[in-house]
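Peer 1: So here's structure_0.cif (mmCIF, C-alpha atoms).
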data_protein
#
loop_
_atom_site.label_atom_id
_atom_site.label_comp_id
_atom_site.auth_asym_id
_atom_site.auth_seq_id
_atom_site.Cartn_x
_atom_site.Cartn_y
_atom_site.Cartn_z
CA MET A 1 0.00 0.00 0.00
CA SER A 2 1.61 3.26 -1.08
CA VAL A 3 1.82 6.49 0.86
CA PRO A 4 0.29 9.56 -0.82
CA HIS A 5 2.79 12.12 -2.01
CA LEU A 6 2.92 15.21 0.16
CA THR A 7 4.57 18.07 -1.67
CA THR A 8 6.54 19.19 1.37
CA ALA A 9 6.05 16.81 4.30
CA LEU A 10 7.45 13.79 2.49
CA SER A 11 10.01 15.57 0.34
CA GLY A 12 13.01 17.71 1.10
CA PRO A 13 15.27 17.70 4.16
CA LEU A 14 13.97 17.47 7.69
CA LEU A 15 13.49 20.84 9.29
CA ASP A 16 15.47 22.11 12.27
CA LEU A 17 12.74 21.33 14.82
CA GLU A 18 12.34 17.77 13.57
CA ARG A 19 16.09 17.21 13.75
CA LYS A 20 16.22 18.44 17.35
CA ILE A 21 13.41 16.08 18.29
CA LEU A 22 15.18 13.16 16.59
CA ASP A 23 18.53 13.97 18.18
CA ALA A 24 16.90 13.91 21.63
CA GLN A 25 14.90 10.73 21.01
CA SER A 26 16.30 8.72 23.92
CA GLU A 27 15.88 11.62 26.37
CA ILE A 28 12.32 12.21 25.09
CA GLU A 29 11.24 8.59 25.51
CA HIS A 30 12.76 8.42 29.00
CA TRP A 31 10.95 11.64 29.92
CA PHE A 32 7.63 10.30 28.64
CA ARG A 33 8.07 7.05 30.61
CA ASN A 34 8.53 9.08 33.80
CA GLN A 35 5.52 11.25 33.01
CA TRP A 36 3.24 8.26 32.51
CA GLN A 37 4.30 6.86 35.87
CA GLU A 38 2.92 10.03 37.48
CA HIS A 39 -0.09 10.73 35.26
CA THR A 40 -2.82 8.48 33.86
CA PRO A 41 -3.44 8.99 30.14
CA PRO A 42 -7.01 9.25 28.85
CA PHE A 43 -8.34 5.97 27.46
CA TYR A 44 -8.03 7.39 23.95
CA GLY A 45 -7.72 10.66 22.09
CA SER A 46 -6.93 12.34 18.79
CA VAL A 47 -4.92 15.48 18.09
CA ASP A 48 -5.20 17.86 15.16
CA LEU A 49 -1.73 19.11 14.23
CA ARG A 50 -0.61 21.94 11.99
CA ASN A 51 2.87 21.96 10.46
CA ALA A 52 4.03 25.35 9.22
CA GLY A 53 7.64 24.30 8.73
CA TYR A 54 8.86 26.78 11.33
CA LYS A 55 6.24 25.59 13.81
CA LEU A 56 4.59 22.23 14.54
CA ALA A 57 1.76 22.50 17.05
CA PRO A 58 -1.51 20.93 18.17
CA VAL A 59 -4.61 23.03 17.56
CA ASP A 60 -7.24 20.71 19.05
CA MET A 61 -7.43 17.67 21.33
CA ASN A 62 -10.44 15.36 21.17
CA LEU A 63 -11.11 12.92 24.02
CA TYR A 64 -13.90 11.12 22.11
CA PRO A 65 -12.22 10.40 18.75
CA GLY A 66 -14.62 9.54 15.95
CA GLY A 67 -12.42 8.51 13.03
CA PHE A 68 -11.04 5.05 13.80
CA ASN A 69 -12.37 3.97 10.41
CA ASN A 70 -9.89 6.37 8.76
CA LEU A 71 -6.81 4.70 10.21
CA ASN A 72 -4.47 2.54 8.18
CA PRO A 73 -5.69 -1.04 8.75
CA ASP A 74 -2.07 -2.23 8.67
CA PHE A 75 -1.64 -0.73 12.15
CA HIS A 76 -4.66 -2.45 13.67
CA PRO A 77 -2.33 -4.61 15.84
CA LEU A 78 -0.86 -1.44 17.37
CA ALA A 79 -4.31 -0.27 18.42
CA VAL A 80 -5.17 -3.72 19.81
CA HIS A 81 -2.06 -3.85 22.01
CA ALA A 82 -2.69 -0.28 23.18
CA ALA A 83 -6.29 -1.15 24.06
CA MET A 84 -5.03 -4.12 26.07
CA SER A 85 -2.72 -1.81 27.99
CA ALA A 86 -5.52 0.68 28.63
CA ALA A 87 -7.87 -2.04 29.85
CA GLU A 88 -5.22 -3.38 32.24
CA SER A 89 -4.65 0.13 33.55
CA PHE A 90 -8.28 1.11 34.18
CA CYS A 91 -9.91 -2.22 34.97
CA PRO A 92 -7.53 -5.22 35.05
CA ASP A 93 -10.36 -7.74 35.46
CA ALA A 94 -12.50 -6.31 32.64
CA ARG A 95 -14.20 -8.91 30.44
CA ARG A 96 -17.32 -7.17 29.13
CA LEU A 97 -17.43 -3.65 27.71
CA LEU A 98 -20.43 -1.57 26.71
CA LEU A 99 -19.61 0.99 24.01
CA ILE A 100 -22.00 3.97 23.94
CA PRO A 101 -21.65 6.06 20.74
CA GLU A 102 -23.21 9.31 19.57
CA ASN A 103 -26.80 9.25 18.32
CA HIS A 104 -25.70 9.82 14.69
CA THR A 105 -27.41 6.81 13.16
CA ARG A 106 -27.69 8.57 9.80
CA ASN A 107 -23.97 9.29 9.60
CA GLN A 108 -22.53 6.24 7.86
CA PHE A 109 -18.95 7.39 8.35
CA TYR A 110 -19.46 7.72 12.08
CA LEU A 111 -21.07 4.28 12.31
CA GLN A 112 -18.04 2.83 10.51
CA ASN A 113 -15.89 4.46 13.19
CA VAL A 114 -17.95 2.71 15.87
CA ALA A 115 -17.53 -0.63 14.10
CA ALA A 116 -13.76 -0.11 13.75
CA LEU A 117 -13.43 0.81 17.43
CA ALA A 118 -15.50 -2.20 18.52
CA ARG A 119 -13.28 -4.47 16.40
CA ILE A 120 -10.15 -3.14 18.13
CA LEU A 121 -11.68 -3.72 21.56
CA ARG A 122 -12.84 -7.24 20.70
CA HIS A 123 -9.40 -8.17 19.45
CA ALA A 124 -8.03 -6.86 22.75
CA GLY A 125 -9.94 -9.69 24.45
CA LEU A 126 -13.12 -7.92 25.53
CA LYS A 127 -16.71 -8.94 24.90
CA VAL A 128 -18.16 -5.81 23.33
CA ARG A 129 -21.78 -4.80 22.81
CA ILE A 130 -22.92 -1.42 21.53
CA GLY A 131 -25.54 0.45 23.49
CA THR A 132 -27.39 3.53 22.36
CA LEU A 133 -29.02 6.47 24.13
CA ASN A 134 -30.95 7.43 21.00
CA PRO A 135 -34.62 7.64 22.05
CA ASP A 136 -35.68 6.67 18.53
CA ILE A 137 -34.12 3.21 18.93
CA THR A 138 -36.36 1.19 21.23
CA GLU A 139 -35.23 -2.31 20.30
CA PRO A 140 -32.05 -3.95 18.96
CA THR A 141 -31.50 -2.51 15.49
CA GLU A 142 -29.01 -3.49 12.80
CA PHE A 143 -27.47 -0.95 10.45
CA GLU A 144 -25.83 -1.93 7.18
CA LEU A 145 -22.55 -0.17 6.54
CA PRO A 146 -21.11 0.85 3.14
CA ASN A 147 -18.38 -1.78 3.46
CA GLY A 148 -21.00 -4.55 3.75
CA ALA A 149 -20.62 -5.01 7.50
CA LYS A 150 -23.50 -4.74 9.96
CA LEU A 151 -23.63 -2.87 13.25
CA LYS A 152 -26.17 -3.67 15.98
CA LEU A 153 -27.24 -0.91 18.36
CA GLU A 154 -29.24 -1.83 21.47
CA PRO A 155 -31.06 0.47 23.90
CA VAL A 156 -29.16 0.98 27.16
CA VAL A 157 -30.96 -0.02 30.36
CA ARG A 158 -30.21 0.74 33.99
CA ASN A 159 -30.49 -1.55 37.01
CA GLY A 160 -29.69 0.17 40.28
CA ARG A 161 -26.28 1.79 39.85
CA ARG A 162 -25.34 -0.34 36.84
CA VAL A 163 -26.02 0.21 33.15
CA GLY A 164 -25.96 -2.35 30.39
CA LEU A 165 -28.31 -4.31 28.17
CA PRO A 166 -31.09 -6.67 29.28
CA ASP A 167 -28.78 -9.69 28.87
CA PHE A 168 -25.40 -7.98 29.23
CA ASP A 169 -23.86 -6.61 32.44
CA PRO A 170 -20.58 -4.89 31.49
CA CYS A 171 -17.54 -4.28 33.70
CA VAL A 172 -16.60 -1.14 31.74
CA VAL A 173 -18.64 1.50 29.96
CA LEU A 174 -16.76 3.33 27.20
CA LEU A 175 -18.26 6.55 25.86
CA ASN A 176 -17.72 7.59 22.28
CA ASN A 177 -20.26 10.32 22.93
CA ASP A 178 -18.76 13.72 23.81
CA LEU A 179 -21.65 14.80 26.09
CA SER A 180 -22.01 18.19 24.42
CA ALA A 181 -25.63 18.40 25.58
CA GLY A 182 -24.83 17.31 29.13
CA VAL A 183 -24.74 14.04 31.04
CA PRO A 184 -27.64 11.66 30.38
CA LYS A 185 -29.19 10.65 33.70
CA ILE A 186 -28.89 6.97 32.84
CA VAL A 187 -25.07 7.12 33.19
CA GLU A 188 -24.95 9.38 36.26
CA ASP A 189 -23.46 7.90 39.43
CA ILE A 190 -22.90 4.37 38.12
CA GLU A 191 -20.65 1.94 39.97
CA GLN A 192 -18.94 0.56 36.87
CA THR A 193 -15.74 1.98 35.43
CA LEU A 194 -16.78 4.77 33.06
CA LEU A 195 -14.32 5.96 30.41
CA PRO A 196 -13.56 8.75 29.76
CA PRO A 197 -14.73 10.26 33.07
CA LEU A 198 -17.86 12.40 32.86
CA HIS A 199 -15.96 15.67 33.35
CA ALA A 200 -14.14 15.02 30.06
CA GLY A 201 -17.41 15.80 28.25
CA TRP A 202 -17.85 19.08 26.40
CA TYR A 203 -20.68 20.10 28.72
CA MET A 204 -17.89 20.85 31.21
CA ARG A 205 -14.55 20.68 29.40
CA ARG A 206 -12.93 23.86 28.00
CA LYS A 207 -10.24 24.14 25.35
CA THR A 208 -8.55 26.95 27.26
CA ASN A 209 -8.09 24.58 30.24
CA HIS A 210 -6.44 22.08 27.93
CA PHE A 211 -4.03 24.60 26.43
CA ALA A 212 -3.20 25.99 29.87
CA ALA A 213 -2.14 22.46 30.81
CA TYR A 214 -0.29 22.16 27.49
CA ASP A 215 1.64 25.33 28.35
CA GLN A 216 3.02 23.67 31.47
CA VAL A 217 3.88 20.41 29.72
CA VAL A 218 5.58 22.15 26.81
CA ASN A 219 7.67 24.48 28.94
CA GLU A 220 9.24 21.48 30.68
CA PHE A 221 9.67 19.58 27.40
CA ALA A 222 11.24 22.59 25.66
CA ARG A 223 13.85 22.89 28.41
CA LEU A 224 14.59 19.18 28.03
CA ILE A 225 15.53 19.38 24.35
CA GLY A 226 16.61 23.04 24.19
CA ILE A 227 13.99 24.69 21.98
CA ASP A 228 11.87 27.81 22.14
CA PRO A 229 8.50 26.47 23.42
CA TRP A 230 6.70 28.74 20.95
CA VAL A 231 7.71 26.53 18.01
CA ILE A 232 5.44 23.76 19.32
CA ASN A 233 2.86 25.84 21.19
CA PRO A 234 0.23 28.27 19.83
CA TYR A 235 -0.60 31.38 21.83
CA PHE A 236 -4.15 31.43 23.16
CA ALA A 237 -6.52 33.55 25.22
CA ARG A 238 -10.06 33.16 26.52
CA VAL A 239 -12.79 35.73 25.97
CA GLY A 240 -16.07 35.24 27.83
CA GLY A 241 -19.39 37.01 28.18
CA LEU A 242 -20.06 37.12 24.45
CA ASP A 243 -23.39 37.26 22.67
CA PHE A 244 -22.85 37.25 18.92
CA HIS A 245 -26.52 37.90 18.14
CA GLU A 246 -26.65 40.96 20.40
CA ARG A 247 -23.08 41.99 19.50
CA THR A 248 -22.15 41.97 23.18
CA GLY A 249 -18.40 41.81 23.76
CA GLU A 250 -17.33 42.55 20.16
CA GLU A 251 -14.85 45.25 21.21
CA LYS A 252 -13.31 43.05 23.92
CA LEU A 253 -12.90 40.21 21.45
CA ALA A 254 -11.40 42.50 18.80
CA ALA A 255 -8.91 43.94 21.31
CA THR A 256 -7.82 40.44 22.38
CA VAL A 257 -7.29 39.47 18.75
CA ASP A 258 -5.15 42.53 18.06
CA GLU A 259 -3.05 41.93 21.18
CA MET A 260 -2.37 38.37 20.09
CA LEU A 261 -1.55 39.37 16.53
CA GLU A 262 1.05 41.77 17.91
CA LYS A 263 2.58 39.01 20.04
CA ILE A 264 2.77 36.80 16.95
CA ARG A 265 4.42 39.57 14.92
CA VAL A 266 7.12 39.88 17.58
CA LYS A 267 7.81 36.13 17.37
CA TYR A 268 7.75 36.20 13.58
CA ALA A 269 10.37 38.95 13.61
CA GLU A 270 12.47 37.00 16.12
CA HIS A 271 12.41 33.90 13.90
CA GLY A 272 12.67 35.69 10.56
CA ILE A 273 9.17 34.68 9.41
CA THR A 274 7.65 36.88 6.70
CA GLN A 275 4.11 35.44 6.58
CA THR A 276 1.05 37.42 7.64
CA PRO A 277 -0.06 36.39 11.14
CA PHE A 278 -3.64 35.31 11.80
CA VAL A 279 -5.69 33.92 14.66
CA ILE A 280 -8.49 31.39 14.92
CA VAL A 281 -11.55 32.34 16.96
CA LYS A 282 -13.61 29.32 17.99
CA ALA A 283 -15.99 28.14 20.68
CA ASP A 284 -14.22 27.21 23.92
CA ALA A 285 -16.10 23.90 23.97
CA GLY A 286 -17.24 21.46 21.32
CA THR A 287 -16.15 19.78 18.11
CA TYR A 288 -17.27 19.20 14.53
CA GLY A 289 -15.58 22.36 13.26
CA MET A 290 -18.53 24.56 14.25
CA GLY A 291 -18.23 28.17 15.41
CA ILE A 292 -14.81 28.93 13.89
CA MET A 293 -13.41 32.02 12.14
CA THR A 294 -10.01 32.90 10.67
CA VAL A 295 -9.18 36.52 11.56
CA LYS A 296 -6.26 38.76 10.53
CA SER A 297 -7.43 41.94 12.28
CA GLY A 298 -9.66 42.73 15.23
CA GLU A 299 -11.64 45.02 12.95
CA GLU A 300 -13.04 41.96 11.17
CA LEU A 301 -15.00 41.12 14.34
CA ILE A 302 -16.75 44.47 14.61
CA GLY A 303 -20.18 44.49 12.98
CA LEU A 304 -20.33 40.87 11.81
CA ASN A 305 -23.13 40.27 9.34
CA ARG A 306 -26.06 38.04 10.24
CA LYS A 307 -24.61 34.95 8.53
CA GLN A 308 -21.33 35.33 10.40
CA ARG A 309 -23.10 35.90 13.72
CA ASN A 310 -25.25 32.82 13.20
CA LYS A 311 -22.18 30.77 12.34
CA MET A 312 -20.32 31.81 15.49
CA SER A 313 -23.23 31.73 17.93
CA VAL A 314 -24.25 28.06 17.81
CA ILE A 315 -22.35 24.78 18.00
CA LYS A 316 -23.24 21.09 18.21
CA GLU A 317 -26.59 20.27 19.84
CA GLY A 318 -27.70 23.87 19.19
CA LEU A 319 -25.77 25.19 22.19
CA GLN A 320 -25.18 28.94 22.36
CA VAL A 321 -21.58 30.20 22.32
CA HIS A 322 -20.69 32.75 25.00
CA ASP A 323 -17.01 31.87 25.53
CA VAL A 324 -14.35 31.56 22.85
CA ILE A 325 -10.70 30.69 22.60
CA VAL A 326 -8.58 33.07 20.54
CA GLN A 327 -5.79 30.84 19.25
CA GLU A 328 -2.69 31.68 17.26
CA GLY A 329 -3.21 30.49 13.72
CA VAL A 330 -0.67 27.96 12.45
CA PRO A 331 -0.64 27.72 8.66
CA THR A 332 -0.12 24.31 7.12
CA PHE A 333 2.49 23.75 4.44
CA GLU A 334 1.25 20.26 3.68
CA THR A 335 -0.75 19.32 0.61
CA ILE A 336 -1.98 16.12 -0.99
CA ASP A 337 -2.62 16.30 -4.74
CA GLY A 338 -2.81 20.07 -4.51
CA ALA A 339 -5.33 20.12 -1.63
CA ILE A 340 -4.49 21.60 1.77
CA ALA A 341 -3.86 18.89 4.39
CA GLU A 342 -3.24 18.52 8.13
CA PRO A 343 -2.27 15.43 10.13
CA VAL A 344 -4.58 13.95 12.77
CA ILE A 345 -2.87 11.62 15.23
CA TYR A 346 -4.74 8.85 17.09
CA MET A 347 -3.70 7.45 20.45
CA VAL A 348 -4.99 4.72 22.74
CA ASP A 349 -3.61 4.72 26.28
CA HIS A 350 -0.23 6.48 25.86
CA PHE A 351 0.57 4.89 22.51
CA VAL A 352 0.36 6.39 19.04
CA VAL A 353 -1.72 3.94 16.99
CA GLY A 354 -1.81 5.74 13.64
CA GLY A 355 -3.36 8.71 11.98
CA PHE A 356 -4.54 10.21 8.74
CA TYR A 357 -4.57 13.44 6.78
CA ARG A 358 -7.62 15.67 6.83
CA VAL A 359 -7.76 17.17 3.35
CA HIS A 360 -9.90 20.00 2.00
CA THR A 361 -9.88 21.13 -1.62
CA GLU A 362 -11.69 24.41 -0.94
CA ARG A 363 -9.75 25.72 2.04
CA GLY A 364 -6.54 27.74 2.27
CA ILE A 365 -3.41 27.24 4.37
CA ASP A 366 -4.77 29.57 7.08
CA GLU A 367 -8.28 28.09 7.32
CA ASN A 368 -9.98 25.44 9.42
CA LEU A 369 -10.08 22.12 7.53
CA ASN A 370 -12.56 20.41 9.86
CA ALA A 371 -15.51 21.58 7.80
CA PRO A 372 -18.07 20.15 5.35
CA GLY A 373 -16.25 18.84 2.30
CA ALA A 374 -13.25 17.50 4.22
CA GLN A 375 -11.82 14.18 3.08
CA PHE A 376 -9.60 11.71 4.92
CA VAL A 377 -6.52 9.96 3.58
CA PRO A 378 -5.71 6.96 5.79
CA LEU A 379 -2.45 6.00 4.10
CA ALA A 380 -0.36 8.70 5.67
CA PHE A 381 1.79 6.58 7.95
CA ALA A 382 4.05 4.21 6.10
CA SER A 383 5.36 2.79 9.37
CA PRO A 384 4.52 3.18 13.05
CA PRO A 385 5.05 6.85 13.97
CA ASN A 386 6.45 6.00 17.41
CA THR A 387 9.55 4.22 16.10
CA PRO A 388 12.05 6.55 14.38
CA GLU A 389 14.79 5.13 12.20
CA CYS A 390 17.70 7.17 13.47
CA ASP A 391 20.25 5.01 11.68
CA ASP A 392 18.41 5.19 8.37
CA ASN A 393 18.22 8.10 5.96
CA PRO A 394 17.60 11.02 8.36
CA ASP A 395 15.08 12.52 5.96
CA CYS A 396 12.94 9.39 5.66
CA GLU A 397 9.22 9.70 6.25
CA THR A 398 9.37 7.58 9.43
CA ASN A 399 11.47 10.23 11.13
CA ARG A 400 9.14 12.99 9.99
CA PHE A 401 6.17 11.17 11.46
CA TYR A 402 8.03 10.51 14.71
CA ALA A 403 7.99 14.25 15.34
CA TYR A 404 4.23 14.26 14.83
CA GLY A 405 3.85 11.46 17.37
CA VAL A 406 5.92 13.34 19.94
CA ILE A 407 3.84 16.51 19.70
CA ALA A 408 0.61 14.50 19.81
CA ARG A 409 1.76 12.72 22.96
CA LEU A 410 2.55 16.08 24.56
CA ALA A 411 -1.07 17.06 23.93
CA LEU A 412 -2.21 13.72 25.41
CA LEU A 413 -0.10 14.35 28.49
CA ALA A 414 -1.63 17.81 28.76
CA ALA A 415 -5.08 16.18 28.61
CA ALA A 416 -4.07 13.95 31.53
CA HIS A 417 -3.06 17.05 33.53
CA GLU A 418 -6.27 18.78 32.47
CA LEU A 419 -8.51 15.94 33.63
CA GLU A 420 -6.69 15.75 36.95
CA ALA A 421 -7.09 19.50 37.50
CA THR A 422 -10.79 19.58 36.58
CA ALA A 423 -11.88 16.38 38.33
CA PRO A 424 -14.75 16.93 40.82
CA GLU A 425 -14.02 16.54 44.50
CA PRO A 426 -14.97 13.04 45.69
CA ALA A 427 -17.98 14.36 47.62
CA LEU A 428 -19.18 16.24 44.56
CA ALA A 429 -18.57 13.36 42.18
CA LEU A 430 -21.52 11.48 43.67
CA ALA A 431 -23.79 14.43 42.99
CA ILE A 432 -22.94 14.81 39.29
#
Please go through the file and, once you have read it, give me the structure as structure tokens.

Peer 2:
Amino acid sequence: MSVPHLTTALSGPLLDLERKILDAQSEIEHWFRNQWQEHTPPFYGSVDLRNAGYKLAPVDMNLYPGGFNNLNPDFHPLAVHAAMSAAESFCPDARRLLLIPENHTRNQFYLQNVAALARILRHAGLKVRIGTLNPDITEPTEFELPNGAKLKLEPVVRNGRRVGLPDFDPCVVLLNNDLSAGVPKIVEDIEQTLLPPLHAGWYMRRKTNHFAAYDQVVNEFARLIGIDPWVINPYFARVGGLDFHERTGEEKLAATVDEMLEKIRVKYAEHGITQTPFVIVKADAGTYGMGIMTVKSGEELIGLNRKQRNKMSVIKEGLQVHDVIVQEGVPTFETIDGAIAEPVIYMVDHFVVGGFYRVHTERGIDENLNAPGAQFVPLAFASPPNTPECDDNPDCETNRFYAYGVIARLALLAAAHELEATAPEPALALAI
């Protein structure tokens, strides 16, 4: 199976940052081992990366990844071994697992993701059934997938403080539902192991908390290998109290954007970068590429038209946006067949298990690619991205992808810090 040609990422010499990461490979892996002794990684996660050549940074971290069907099937064994490790970590005696997905029964791509995830878990030695919280599904229902496979969804039931199916009492409940609309009562205060924990859901989680944790992780990592932390870390700021429909907070948001653009210009001058800086304004919670704008001046946020206000004011589940993250924009220099591309890295436990390129033919290098029309190229990783070939050609693709795996694992470590910092107190946890 061939790897798609990337006009820059898979051609030309490795960049300075990638070389520094490769040169410090043994120190980096030792550092990660120590970190994972002190912090528990999320069960799984995916990281959106942007590679500008002069900067390689995460721009989003998802704790309920929904694209397992886009991974290279050649690396299925990696995911299986990682799932085994995660199961041993969270529930060593686990035998039965209930997987609860989103209610997107009409989204065939998402259902294929659920099937791919279930296959990984089954091969890890777990008995897996798929429960649903969709009120429209009142009895076991099979869905036919485009690849000819079938997926059975069954209504979740509750018995005391346990959830499961009428004939299936699981040890572990794994959510692939990001809880944007809040916590369903049926999974509140259950005695089984629930992964990820409820406070990882978007009803509570905030991107600014994640990137605050990432700041701390990156500062330590940058000292370890001797780099400016900025080259792997986007600036960010939180702006709250917004109402896009009523135009409340426009001036405050515009001022924050201009302050950040000035900070970026200073860094650009320091590093000899001649590109025009930009920022991304997006909802502080949520996924699916909703509520996002690319901005190159604070003035662009004053007097938004109705279409722009509607776009920014609502995210998944129809939730209103009142808090945003203003994030330094990282352009991507990667393309596949002329289309702009960005890598997405998938992890289970603390292992990189593969990834793919999100590709968009109608977006520019400074725009969000997680939007309608995006395509996914699952052939991106020619070999496992957690095993560099330091004795091979230093510019080989394996080494390039090793750098991606390192940055993704930094984001995963930040997520571990984030979940620790935002966990409810034990007394409060029972009242969630």

Peer 1: Would you translate the PyMOL selection byres ((chain A and resi 281) around 9) into the concrete set of residues it matches in this file, as a list of chain:residue names?

Peer 2: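 Listing what the PyMOL selection byres ((chain A and resi 281) around 9) selects in the shown file: A:Val257, A:Val279, A:Ile280, A:Lys282, A:Ala283, A:Gly291, A:Ile292, A:Met293, A:Thr294, A:Val295, A:Met312, A:Val324, A:Ile325, A:Val326, A:Gln327, A:Glu328.
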
Peer 1: List the residues selected by the PyMOL selection byres ((chain A and resi 253) around 9) in the file shown, writing them as a ChimeraX atom specification.

Peer 2: /A:239-240,242,249-252,254-258,298,301-302,324,326

Peer 1: Of the candidates A:Leu261, A:Leu99, A:Val156, A:Val330, which shows the shortest atom-to-atom distance to Ser297 of chain A, using all atoms listed in the file?

Peer 2: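 Checking each candidate against Ser297 of chain A, we get A:Leu261 as the closest.
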
Peer 1: Evaluate the PyMOL selection byres ((chain A and resi 79) around 12) and record the selected residues as a ChimeraX atom specification, following the chain and residue labels used in the document.

Peer 2: /A:43-44,68,71-78,80-86,116-124,346-355,384

Peer 1: Report, in Å with one decimal, the straight-line distance from atom CA of Pro166 of chain A to atom CA of Glu142 of chain A.

Peer 2: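 Taking atom CA of Pro166 of chain A and atom CA of Glu142 of chain A, their separation equals 16.9 Å.
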
Peer 1: Set the distance at 9 Å and use all atoms listed in the file: which residues neighbour Ala408 of chain A once local chain neighbours fewer than 5 positions away are removed? I'd like the list as a list in words.

Peer 2: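 Within the cut-off, the hits are Ser46, Val47, Asp48, Leu49, Ala57, Pro58, Met61, Val344, Ile345, Tyr346, Met347, Val352, Ala403 and Leu413 of chain A.
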
Peer 1: Counting all atoms listed in the file, figure out which residue out of A:Lys296, A:Lys55, A:Arg400, A:Arg238 gets nearest to Glu18 of chain A.

Peer 2: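 Among the listed residues, the smallest separation from Glu18 of chain A belongs to A:Arg400.
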
Peer 1: Rounded to one decimal in Å, what is the spacing between atom CA of Val172 of chain A and atom CA of Asn62 of chain A?

Peer 2: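 Going from atom CA of Val172 of chain A over to atom CA of Asn62 of chain A, I get 20.5 Å.
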
Peer 1: Measuring atom to atom with all atoms listed in the file, identify which of A:Glu102, A:Asp169, A:Glu220, A:Asp60 is nearest to Asp284 of chain A.

Peer 2: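 Among A:Glu102, A:Asp169, A:Glu220, A:Asp60, it is A:Asp60 that comes nearest to Asp284 of chain A.
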
Peer 1: Can you tell me how far atom CA of Cys91 of chain A sits from atom CA of Val173 of chain A, in Å to one decimal?

Peer 2: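 Computing the Euclidean distance for atom CA of Cys91 of chain A and atom CA of Val173 of chain A yields 10.7 Å.
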
Peer 1: Excluding same-chain residues fewer than 4 positions from Glu29 of chain A, what lies within 12 Å of it counting all atoms listed in the file, as number ranges by chain?

Peer 2: A: 21-25, 33-36, 221, 224-225, 350-351, 386-388, 402, 405-406, 409-410
